[in-house]
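Have a look at coords_2.cif below; it lists mmCIF, C-alpha atoms.
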```
data_data
loop_
_atom_site.label_atom_id
_atom_site.label_comp_id
_atom_site.auth_asym_id
_atom_site.auth_seq_id
_atom_site.Cartn_x
_atom_site.Cartn_y
_atom_site.Cartn_z
CA MET J 1 21.79 3.54 -44.31
CA ALA J 2 18.72 3.27 -42.11
CA ASP J 3 16.38 6.26 -41.86
CA PRO J 4 17.37 8.38 -38.88
CA VAL J 5 15.20 8.28 -35.79
CA THR J 6 13.92 11.61 -34.47
CA ILE J 7 14.64 12.68 -30.89
CA TRP J 8 12.31 15.42 -29.63
CA THR J 9 13.55 17.88 -27.03
CA LEU J 10 12.78 21.51 -26.08
CA ASP J 11 13.79 24.44 -28.28
CA TRP J 12 15.34 26.24 -25.29
CA VAL J 13 15.86 25.71 -21.56
CA PRO J 14 17.46 27.92 -18.88
CA GLU J 15 21.11 27.20 -17.94
CA PRO J 16 20.76 24.82 -14.95
CA PRO J 17 19.24 21.74 -16.65
CA ARG J 18 21.48 21.97 -19.75
CA GLY J 19 23.46 18.77 -20.10
CA PHE J 20 20.76 17.00 -18.06
CA VAL J 21 17.61 17.29 -20.17
CA ARG J 22 16.71 13.68 -20.81
CA ASP J 23 16.98 13.82 -24.58
CA LEU J 24 20.64 13.32 -23.61
CA ARG J 25 19.93 9.68 -22.71
CA LEU J 26 18.61 9.11 -26.25
CA ARG J 27 21.40 11.02 -28.03
CA TRP J 28 23.90 9.04 -25.95
CA THR J 29 22.32 5.68 -26.79
CA CYS J 30 22.35 6.53 -30.51
CA GLU J 31 26.04 7.47 -30.25
CA GLU J 32 26.85 4.22 -28.42
CA ALA J 33 24.88 2.15 -30.91
CA GLY J 34 25.96 4.02 -34.04
CA LEU J 35 22.37 4.88 -34.96
CA PRO J 36 21.67 7.93 -37.14
CA TYR J 37 19.33 10.46 -35.51
CA ARG J 38 18.03 13.97 -35.89
CA ILE J 39 16.84 16.44 -33.27
CA ALA J 40 13.41 18.11 -33.39
CA THR J 41 11.94 20.49 -30.85
CA VAL J 42 8.78 21.57 -29.07
CA PRO J 43 8.61 25.10 -27.59
CA PHE J 44 9.82 25.67 -24.03
CA ASP J 45 7.11 28.28 -23.53
CA ASP J 46 3.90 26.64 -22.30
CA ARG J 47 5.82 23.35 -22.37
CA GLU J 48 3.57 21.71 -19.81
CA THR J 49 0.56 21.90 -22.10
CA ASN J 50 1.78 22.57 -25.64
CA HIS J 51 2.47 18.93 -26.52
CA LEU J 52 0.12 17.01 -24.27
CA ASP J 53 -1.33 15.42 -27.39
CA ARG J 54 2.02 13.69 -27.89
CA GLN J 55 3.31 13.31 -24.31
CA PRO J 56 0.73 13.01 -21.55
CA PHE J 57 2.97 14.61 -18.90
CA GLY J 58 4.22 17.51 -21.03
CA GLN J 59 7.75 16.17 -20.73
CA VAL J 60 10.60 15.51 -23.13
CA PRO J 61 12.13 13.46 -24.65
CA MET J 62 9.95 11.79 -27.21
CA LEU J 63 11.23 9.41 -29.86
CA GLU J 64 9.94 8.83 -33.38
CA ASP J 65 11.04 5.79 -35.36
CA GLY J 66 8.93 5.33 -38.49
CA ASP J 67 5.37 5.11 -37.26
CA LEU J 68 6.43 4.35 -33.68
CA ARG J 69 6.15 7.21 -31.20
CA LEU J 70 7.54 6.65 -27.72
CA PHE J 71 8.06 8.64 -24.54
CA GLU J 72 9.73 7.82 -21.18
CA SER J 73 13.50 7.94 -21.53
CA GLY J 74 13.85 4.40 -20.11
CA ALA J 75 11.62 2.90 -22.80
CA CYS J 76 13.25 4.99 -25.55
CA VAL J 77 16.73 3.82 -24.48
CA ILE J 78 15.55 0.19 -24.54
CA HIS J 79 14.07 0.62 -28.02
CA LEU J 80 17.23 2.28 -29.39
CA ALA J 81 19.55 -0.25 -27.74
CA ARG J 82 17.55 -3.13 -29.24
CA LYS J 83 17.49 -1.42 -32.64
CA GLY J 84 21.26 -0.89 -32.60
CA GLY J 85 21.98 -4.37 -31.24
CA LYS J 86 24.11 -2.79 -28.51
CA LEU J 87 23.85 -2.19 -24.74
CA ILE J 88 21.24 -4.90 -24.16
CA PRO J 89 22.40 -8.52 -24.33
CA ALA J 90 20.44 -10.96 -26.51
CA ASP J 91 20.55 -13.75 -23.87
CA PRO J 92 17.35 -13.73 -21.80
CA LYS J 93 19.09 -13.84 -18.41
CA PRO J 94 21.39 -10.81 -18.73
CA GLU J 95 18.67 -9.07 -20.76
CA ILE J 96 16.15 -9.10 -17.89
CA GLU J 97 19.00 -8.12 -15.53
CA VAL J 98 19.59 -5.02 -17.64
CA LEU J 99 15.85 -4.20 -17.39
CA GLN J 100 16.08 -4.80 -13.62
CA TRP J 101 18.89 -2.25 -13.22
CA ILE J 102 17.13 0.27 -15.46
CA MET J 103 14.10 -0.05 -13.16
CA ALA J 104 16.41 0.26 -10.12
CA ALA J 105 17.85 3.51 -11.52
CA LEU J 106 14.42 4.96 -12.36
CA ASN J 107 12.41 3.72 -9.39
CA SER J 108 14.71 2.93 -6.44
CA ILE J 109 17.30 5.67 -7.01
CA GLU J 110 15.75 8.48 -9.07
CA MET J 111 12.50 8.32 -7.08
CA VAL J 112 14.61 9.44 -4.11
CA THR J 113 17.10 11.80 -5.77
CA MET J 114 14.67 13.73 -7.98
CA PRO J 115 12.15 14.88 -5.31
CA TRP J 116 15.14 15.79 -3.11
CA VAL J 117 16.55 17.96 -5.91
CA VAL J 118 13.11 19.44 -6.64
CA LEU J 119 12.59 20.29 -2.95
CA THR J 120 15.91 22.14 -2.89
CA TRP J 121 14.75 24.24 -5.88
CA SER J 122 11.56 25.29 -4.19
CA ASP J 123 13.36 26.07 -0.92
CA GLU J 124 10.93 23.95 1.07
CA GLU J 125 11.89 21.84 4.04
CA PHE J 126 13.43 18.62 2.88
CA ALA J 127 14.83 17.07 6.05
CA GLY J 128 12.45 14.12 5.82
CA ILE J 129 13.66 13.14 2.39
CA THR J 130 17.37 13.57 3.13
CA GLY J 131 17.65 10.44 5.27
CA TRP J 132 16.03 8.44 2.50
CA LEU J 133 18.55 9.85 0.04
CA ASP J 134 21.52 9.12 2.34
CA LYS J 135 20.43 5.50 2.67
CA ARG J 136 19.89 4.90 -1.05
CA LEU J 137 23.16 6.50 -2.06
CA ALA J 138 25.04 4.38 0.50
CA GLN J 139 23.37 1.27 -0.91
CA ILE J 140 24.27 1.96 -4.53
CA GLU J 141 27.80 2.87 -3.35
CA ALA J 142 28.08 -0.63 -1.82
CA VAL J 143 27.00 -2.18 -5.15
CA LEU J 144 29.45 -0.12 -7.19
CA ALA J 145 32.33 -0.80 -4.79
CA GLU J 146 32.12 -4.46 -5.82
CA ARG J 147 31.86 -4.26 -9.58
CA GLU J 148 32.74 -2.17 -12.58
CA TRP J 149 29.42 -2.53 -14.44
CA LEU J 150 25.92 -3.43 -13.27
CA VAL J 151 25.40 -6.49 -15.49
CA GLY J 152 28.26 -8.72 -16.59
CA ASP J 153 31.66 -7.26 -17.42
CA THR J 154 30.54 -4.64 -19.91
CA PHE J 155 28.74 -1.31 -20.16
CA THR J 156 25.00 -1.77 -20.84
CA ALA J 157 21.88 0.39 -21.09
CA ALA J 158 21.50 -0.15 -17.33
CA ASP J 159 24.79 1.71 -16.68
CA LEU J 160 23.72 4.45 -19.07
CA ILE J 161 20.54 5.12 -17.08
CA MET J 162 22.08 4.57 -13.61
CA ALA J 163 25.06 6.86 -14.28
CA ASP J 164 22.76 9.51 -15.72
CA VAL J 165 20.72 9.41 -12.51
CA LEU J 166 23.85 9.55 -10.31
CA ARG J 167 25.78 12.26 -12.17
CA VAL J 168 23.52 15.11 -10.98
CA ASP J 169 25.81 17.69 -9.33
CA LEU J 170 23.81 18.12 -6.12
CA VAL J 171 23.75 14.35 -5.66
CA ARG J 172 27.51 13.89 -6.35
CA LYS J 173 28.33 16.60 -3.82
CA HIS J 174 26.05 15.12 -1.17
CA GLY J 175 28.56 13.00 0.81
CA ASP J 176 31.72 11.14 -0.16
CA ARG J 177 31.14 8.02 -2.23
CA PRO J 178 34.36 7.10 -4.07
CA ALA J 179 33.00 4.07 -5.96
CA SER J 180 29.96 5.98 -7.24
CA GLU J 181 32.15 8.92 -8.19
CA ALA J 182 34.59 6.66 -10.07
CA TYR J 183 31.63 4.96 -11.81
CA VAL J 184 30.15 8.30 -12.90
CA ARG J 185 33.57 9.42 -14.17
CA ARG J 186 34.15 6.12 -15.99
CA VAL J 187 30.77 6.26 -17.69
CA THR J 188 30.83 9.97 -18.54
CA ASP J 189 34.33 9.58 -20.00
CA ARG J 190 32.88 7.50 -22.82
CA PRO J 191 33.22 9.26 -26.20
CA ALA J 192 29.52 8.62 -26.91
CA PHE J 193 28.51 10.40 -23.71
CA ARG J 194 30.89 13.31 -24.36
CA LYS J 195 29.58 13.72 -27.91
CA ALA J 196 25.92 13.58 -26.82
CA HIS J 197 26.57 15.97 -23.93
CA ALA J 198 28.48 18.50 -26.07
CA ASP J 199 25.75 18.34 -28.72
CA GLN J 200 23.03 19.05 -26.17
CA LEU J 201 24.97 22.02 -24.76
CA ALA J 202 25.53 23.34 -28.29
CA HIS J 203 21.83 22.92 -29.12
CA PHE J 204 20.78 25.07 -26.19
CA ALA J 205 23.59 27.62 -26.74
CA VAL J 206 22.28 28.26 -30.27
CA ALA J 207 18.77 28.49 -28.82
CA ASP J 208 20.03 31.19 -26.44
CA VAL J 209 21.26 33.33 -29.31
CA ASN J 210 17.99 32.90 -31.23
CA ARG J 211 15.93 33.72 -28.16
CA LYS J 212 17.98 36.83 -27.42
CA GLU J 213 17.64 38.04 -31.04
CA LYS J 214 13.89 37.51 -30.88
CA SER J 215 13.48 39.42 -27.59
CA ASP J 216 15.85 42.21 -28.81
CA GLY J 217 14.09 42.46 -32.17
CA MET F 1 3.52 -28.68 -14.55
CA ALA F 2 6.39 -26.19 -14.53
CA ASP F 3 8.38 -25.74 -11.31
CA PRO F 4 6.86 -22.92 -9.28
CA VAL F 5 8.70 -19.62 -9.11
CA THR F 6 9.48 -18.26 -5.64
CA ILE F 7 8.27 -14.80 -4.61
CA TRP F 8 10.15 -13.38 -1.63
CA THR F 9 8.39 -10.98 0.72
CA LEU F 10 8.67 -10.03 4.42
CA ASP F 11 7.61 -12.40 7.20
CA TRP F 12 5.57 -9.61 8.86
CA VAL F 13 4.72 -5.94 8.31
CA PRO F 14 2.62 -3.50 10.39
CA GLU F 15 -1.00 -2.93 9.31
CA PRO F 16 -0.72 0.15 7.03
CA PRO F 17 1.29 -1.32 4.10
CA ARG F 18 -0.64 -4.64 4.07
CA GLY F 19 -2.21 -5.12 0.67
CA PHE F 20 0.43 -2.76 -0.80
CA VAL F 21 3.73 -4.57 -0.20
CA ARG F 22 5.04 -5.01 -3.71
CA ASP F 23 5.15 -8.78 -3.64
CA LEU F 24 1.49 -8.20 -4.52
CA ARG F 25 2.47 -7.15 -8.05
CA LEU F 26 4.22 -10.50 -8.52
CA ARG F 27 1.45 -12.62 -6.93
CA TRP F 28 -1.03 -10.78 -9.13
CA THR F 29 0.97 -11.36 -12.33
CA CYS F 30 1.24 -15.09 -11.53
CA GLU F 31 -2.53 -15.21 -10.98
CA GLU F 32 -3.18 -13.41 -14.27
CA ALA F 33 -0.77 -15.63 -16.17
CA GLY F 34 -1.67 -18.90 -14.47
CA LEU F 35 1.87 -19.48 -13.24
CA PRO F 36 2.47 -21.64 -10.16
CA TYR F 37 4.35 -19.83 -7.38
CA ARG F 38 5.30 -20.16 -3.76
CA ILE F 39 5.97 -17.49 -1.14
CA ALA F 40 9.18 -17.29 0.88
CA THR F 41 10.12 -14.67 3.44
CA VAL F 42 12.94 -12.60 4.88
CA PRO F 43 12.58 -11.19 8.41
CA PHE F 44 10.95 -7.79 8.90
CA ASP F 45 13.31 -7.07 11.78
CA ASP F 46 16.52 -5.46 10.51
CA ARG F 47 14.97 -5.68 7.05
CA GLU F 48 17.09 -2.86 5.67
CA THR F 49 20.30 -4.81 6.15
CA ASN F 50 19.39 -8.49 6.65
CA HIS F 51 19.17 -9.35 2.97
CA LEU F 52 21.47 -6.81 1.32
CA ASP F 53 23.41 -9.73 -0.15
CA ARG F 54 20.30 -10.54 -2.22
CA GLN F 55 18.68 -7.11 -2.69
CA PRO F 56 20.99 -4.09 -2.68
CA PHE F 57 18.33 -1.72 -1.29
CA GLY F 58 17.03 -4.03 1.44
CA GLN F 59 13.64 -4.06 -0.28
CA VAL F 60 11.15 -6.73 -1.27
CA PRO F 61 10.00 -8.37 -3.49
CA MET F 62 12.61 -10.63 -4.94
CA LEU F 63 11.87 -13.35 -7.49
CA GLU F 64 13.59 -16.70 -7.98
CA ASP F 65 13.02 -18.71 -11.14
CA GLY F 66 15.48 -21.59 -11.41
CA ASP F 67 18.92 -19.98 -11.24
CA LEU F 68 17.55 -16.53 -12.07
CA ARG F 69 17.26 -14.08 -9.17
CA LEU F 70 15.58 -10.76 -9.82
CA PHE F 71 14.52 -7.71 -7.85
CA GLU F 72 12.61 -4.52 -8.79
CA SER F 73 8.90 -5.25 -9.07
CA GLY F 74 8.76 -3.80 -12.61
CA ALA F 75 11.41 -6.21 -13.90
CA CYS F 76 9.87 -9.16 -12.03
CA VAL F 77 6.44 -8.42 -13.55
CA ILE F 78 7.99 -8.27 -17.03
CA HIS F 79 9.78 -11.59 -16.49
CA LEU F 80 6.64 -13.31 -15.20
CA ALA F 81 4.43 -11.87 -17.95
CA ARG F 82 6.86 -13.08 -20.60
CA LYS F 83 7.11 -16.50 -18.95
CA GLY F 84 3.34 -16.87 -18.82
CA GLY F 85 2.84 -15.49 -22.34
CA LYS F 86 0.27 -13.04 -20.95
CA LEU F 87 0.05 -9.28 -20.28
CA ILE F 88 2.86 -8.36 -22.68
CA PRO F 89 2.11 -8.57 -26.42
CA ALA F 90 4.53 -10.47 -28.65
CA ASP F 91 4.42 -7.79 -31.40
CA PRO F 92 7.37 -5.38 -31.02
CA LYS F 93 5.29 -2.20 -31.27
CA PRO F 94 2.75 -2.83 -28.50
CA GLU F 95 5.48 -4.62 -26.50
CA ILE F 96 7.64 -1.49 -26.23
CA GLU F 97 4.48 0.54 -25.53
CA VAL F 98 3.80 -1.70 -22.54
CA LEU F 99 7.39 -1.09 -21.33
CA GLN F 100 6.82 2.65 -21.90
CA TRP F 101 3.74 2.70 -19.66
CA ILE F 102 5.45 0.59 -16.98
CA MET F 103 8.24 3.20 -16.95
CA ALA F 104 5.60 5.98 -16.85
CA ALA F 105 3.99 4.37 -13.79
CA LEU F 106 7.31 3.84 -12.00
CA ASN F 107 9.13 7.03 -12.98
CA SER F 108 6.62 9.76 -13.97
CA ILE F 109 3.83 8.84 -11.53
CA GLU F 110 5.29 6.89 -8.59
CA MET F 111 8.31 9.20 -8.39
CA VAL F 112 5.81 11.92 -7.46
CA THR F 113 3.27 9.96 -5.41
CA MET F 114 5.71 7.98 -3.25
CA PRO F 115 7.78 10.86 -1.82
CA TRP F 116 4.51 12.71 -1.20
CA VAL F 117 3.18 9.73 0.77
CA VAL F 118 6.52 9.34 2.61
CA LEU F 119 6.56 13.03 3.55
CA THR F 120 3.07 12.73 5.03
CA TRP F 121 4.30 9.81 7.21
CA SER F 122 7.17 11.79 8.61
CA ASP F 123 4.97 14.83 9.23
CA GLU F 124 7.38 17.11 7.42
CA GLU F 125 6.33 20.03 5.27
CA PHE F 126 5.28 18.80 1.89
CA ALA F 127 3.73 21.83 0.24
CA GLY F 128 6.44 21.90 -2.43
CA ILE F 129 5.69 18.41 -3.58
CA THR F 130 1.88 18.74 -3.54
CA GLY F 131 1.70 20.92 -6.65
CA TRP F 132 3.80 18.38 -8.52
CA LEU F 133 1.42 15.63 -7.41
CA ASP F 134 -1.69 17.64 -8.42
CA LYS F 135 -0.28 18.16 -11.90
CA ARG F 136 0.73 14.52 -12.49
CA LEU F 137 -2.58 13.15 -11.26
CA ALA F 138 -4.48 15.54 -13.53
CA GLN F 139 -2.37 14.38 -16.47
CA ILE F 140 -2.93 10.68 -15.92
CA GLU F 141 -6.65 11.45 -15.38
CA ALA F 142 -6.71 13.02 -18.87
CA VAL F 143 -5.14 9.87 -20.33
CA LEU F 144 -7.56 7.54 -18.56
CA ALA F 145 -10.59 9.65 -19.51
CA GLU F 146 -9.90 8.72 -23.14
CA ARG F 147 -9.23 5.00 -22.96
CA GLU F 148 -10.03 1.88 -21.03
CA TRP F 149 -6.51 0.38 -21.06
CA LEU F 150 -3.09 1.95 -21.56
CA VAL F 151 -2.01 -0.14 -24.57
CA GLY F 152 -4.48 -1.50 -27.13
CA ASP F 153 -7.90 -2.70 -26.04
CA THR F 154 -6.81 -5.13 -23.36
CA PHE F 155 -5.36 -5.27 -19.84
CA THR F 156 -1.54 -5.53 -19.91
CA ALA F 157 1.36 -5.51 -17.45
CA ALA F 158 1.38 -1.71 -17.90
CA ASP F 159 -2.14 -1.46 -16.39
CA LEU F 160 -1.11 -3.79 -13.59
CA ILE F 161 1.76 -1.49 -12.56
CA MET F 162 -0.07 1.80 -13.21
CA ALA F 163 -3.19 0.78 -11.26
CA ASP F 164 -1.03 -0.48 -8.41
CA VAL F 165 0.65 2.93 -8.24
CA LEU F 166 -2.69 4.80 -8.40
CA ARG F 167 -4.68 2.66 -5.95
CA VAL F 168 -2.87 4.03 -2.86
CA ASP F 169 -5.56 5.38 -0.52
CA LEU F 170 -3.97 8.76 0.17
CA VAL F 171 -3.58 9.31 -3.57
CA ARG F 172 -7.16 8.24 -4.42
CA LYS F 173 -8.53 10.60 -1.80
CA HIS F 174 -6.43 13.51 -2.99
CA GLY F 175 -8.88 15.27 -5.32
CA ASP F 176 -11.70 14.04 -7.53
CA ARG F 177 -10.60 12.10 -10.60
CA PRO F 178 -13.48 9.96 -11.87
CA ALA F 179 -11.64 8.29 -14.77
CA SER F 180 -8.68 7.30 -12.56
CA GLU F 181 -11.06 6.05 -9.88
CA ALA F 182 -13.04 3.98 -12.41
CA TYR F 183 -9.76 2.59 -13.80
CA VAL F 184 -8.52 1.59 -10.35
CA ARG F 185 -11.88 -0.07 -9.61
CA ARG F 186 -11.92 -1.86 -12.98
CA VAL F 187 -8.41 -3.20 -12.50
CA THR F 188 -8.76 -4.13 -8.84
CA ASP F 189 -12.02 -5.94 -9.62
CA ARG F 190 -10.08 -8.55 -11.56
CA PRO F 191 -10.24 -11.99 -9.90
CA ALA F 192 -6.43 -12.28 -10.15
CA PHE F 193 -5.97 -9.04 -8.23
CA ARG F 194 -8.55 -10.01 -5.60
CA LYS F 195 -6.91 -13.41 -5.10
CA ALA F 196 -3.40 -11.93 -4.84
CA HIS F 197 -4.61 -9.19 -2.50
CA ALA F 198 -6.53 -11.58 -0.22
CA ASP F 199 -3.53 -13.93 -0.12
CA GLN F 200 -1.18 -11.14 0.90
CA LEU F 201 -3.55 -9.98 3.66
CA ALA F 202 -3.88 -13.59 4.88
CA HIS F 203 -0.08 -14.03 4.84
CA PHE F 204 0.41 -11.04 7.12
CA ALA F 205 -2.55 -11.94 9.35
CA VAL F 206 -0.97 -15.32 10.07
CA ALA F 207 2.34 -13.53 10.69
CA ASP F 208 0.56 -11.35 13.27
CA VAL F 209 -0.56 -14.39 15.23
CA ASN F 210 2.93 -15.94 15.11
CA ARG F 211 4.55 -12.70 16.17
CA LYS F 212 2.13 -12.26 19.06
CA GLU F 213 2.73 -15.83 20.25
CA LYS F 214 6.47 -15.26 20.12
CA SER F 215 6.32 -12.03 22.10
CA ASP F 216 3.82 -13.53 24.59
CA GLY F 217 5.91 -16.67 25.00
#
```
What would the structure in this file look like if it were written as structure tokens?
Amino acid sequence: MADPVTIWTLDWVPEPPRGFVRDLRLRWTCEEAGLPYRIATVPFDDRETNHLDRQPFGQVPMLEDGDLRLFESGACVIHLARKGGKLIPADPKPEIEVLQWIMAALNSIEMVTMPWVVLTWSDEEFAGITGWLDKRLAQIEAVLAEREWLVGDTFTAADLIMADVLRVDLVRKHGDRPASEAYVRRVTDRPAFRKAHADQLAHFAVADVNRKEKSDG
Amino acid sequence: MADPVTIWTLDWVPEPPRGFVRDLRLRWTCEEAGLPYRIATVPFDDRETNHLDRQPFGQVPMLEDGDLRLFESGACVIHLARKGGKLIPADPKPEIEVLQWIMAALNSIEMVTMPWVVLTWSDEEFAGITGWLDKRLAQIEAVLAEREWLVGDTFTAADLIMADVLRVDLVRKHGDRPASEAYVRRVTDRPAFRKAHADQLAHFAVADVNRKEKSDG
């Protein structure tokens, strides 16, 4: 059996991001690809500076595989998919198409959805960004109305990233997009997603208990 | 001589985005890698819907290489860099590090800079997003203060994308970041960048004349 890779996440987070912290994308890829992995943590407190030596933006996840250390969930998913020989085709043409759709999820879609979500947190005006969001979500709806998967006739790493970008609650509730909704349901029904998701929720639930004991003690 | 690839851009754009339309990233990569290319255009008018059959978000650039059609500048740069055997190392470890920094540019940096720029266009409130921008720019400044290039000791596709994200005027003028500024200058001093940049400006200058003649006629 290969040595497990190590997925780094936070030791605790508040309720709202649970099930969405991006270590999920890495857990999920390992489950899809049958790769052994273990979870390691950096502290939530002072998280924006406490691991800048390992992640220049103070973010998680990070991935360790032997002497390779990676960050950026997109790159980590690509590395794990290649390692497992799953989710990224070997043929050059569909392979670059998978990279194209990963970039589309991270740059054309998430660049619009994430600031919109962040602006709703901070209660600032976000009218300007809402039209941009409406347009992008209508465009990806048109794509998903015509096909089951983004590349070829099978689930790839591109669907993993795109569905993870689209499954955010605020985004799903923003308008009626049946093809996108069916796509998110189809992808998140995968046993590998459900396992990874349940494991992340369990990880943070245990962290809650530990944190409470520490603050009570 | 290999058949030239085709880079698709718009036939005309207003002054402000000239020199920043993302076909530049593809022209630049071809110049770096010594790949022959030709420019083709889709109309600026009705640009958000007139080529949705070829680009689901109504954006440019698109790339054609034989029967391969790609969009997303990040994926196109990767394809061209691989094709030219330049800017992306062959060794797996630095190769995935280059992908990691391309993702960092497109998702961790541009996801913050682009909405901030867009919000300034539309004159909406953007206080909420400014703190996020300040933090990200300080973090990439810390990275660039310690090294000349993002991966190894040479310019790669990761620097091409990162510098293109950071060279936006509004972003450069937002605060004093000497390492980022030196990096942007170092990268944009490259003959391949200067050629690609001058060619894009010339393309749109010619388009101006044609458009004026059409509206005068």
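Residues with any atom within 9 Å of His203 (chain F), counting all atoms listed in the file and excluding same-chain neighbours fewer than 4 positions away, are Asp11, Trp12, Ala198, Asp199, Ala207 and Asp208 of chain F.
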Can you tell me, as a compact mmCIF listing (two decimals) with C-alpha atoms, in the frame of the given file, what residues are no more than 8 Å from Gly84 (chain F) when counting only C-alpha atoms, ignoring any on the same chain fewer than 3 positions away?
```txt
# COMPACT_ATOMS: atom_id res chain seq x y z
CA CYS F 30 1.24 -15.09 -11.53
CA ALA F 33 -0.77 -15.63 -16.17
CA GLY F 34 -1.67 -18.90 -14.47
CA LEU F 35 1.87 -19.48 -13.24
CA LEU F 80 6.64 -13.31 -15.20
CA ALA F 81 4.43 -11.87 -17.95
```
Item to complete: Kindly determine which residues of chain F lie within 8 Å of chain J, considering all atoms listed in the file, and give the answer as number ranges by chain.
Response: F: 56-57, 68, 70-72, 74-76, 79, 93, 96-97, 99-100, 103-104, 106-108, 110-112, 114-115, 119, 122, 124-129, 136, 139-140, 142-143
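Counting only C-alpha atoms, Val21 (chain F) has the following residues at most 9 Å away, ignoring those fewer than 3 positions along the same chain: F:Thr9, F:Leu10, F:Val13, F:Pro17, F:Arg18, F:Leu24, F:Arg25, F:Val60, F:Pro61, F:Gln200.
Note that CA of Leu170 (chain F) and CA of Val184 (chain F) are 13.5 Å apart.
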Worksheet entry | One-decimal distance in Å that lies between CA of Arg27 (chain F) and CA of Asp65 (chain F) | 13.7 Å
Worksheet item: Rounded to one decimal in Å, what is the spacing between CA of Phe44 (chain J) and CA of Val171 (chain J)?
Response: 25.7 Å
Worksheet item: What residues come out when you apply the PyMOL selection byres ((chain F and resi 177-181) around 12) to this file, written as an MDAnalysis selection string?
Response: chainID F and resid 134 136:150 159 162:169 171:176 182:188
Worksheet item: Quick one: of F:Phe155, F:Tyr37, F:Phe193, F:Phe204, who's nearest to Thr6 (chain F), counting all atoms listed in the file?
Response: F:Tyr37
Discussion item. Which residues are near Trp28 (chain F)? Cut-off 8 Å, only C-alpha atoms, ignore same chain within fewer than 5 positions. Put them as JSON, numbers by chain.
Written reply: {"F": [192, 193, 195, 196, 197]}
Take every atom of region 4-10 of chain J listed in the file, fit an axis-aligned box around them, add 6 Å per side, and give the centre and edge lengths in Å to one decimal as AutoDock Vina command-line options.
```
--center_x 14.8 --center_y 14.9 --center_z -32.5 --size_x 17.1 --size_y 25.2 --size_z 24.8
```
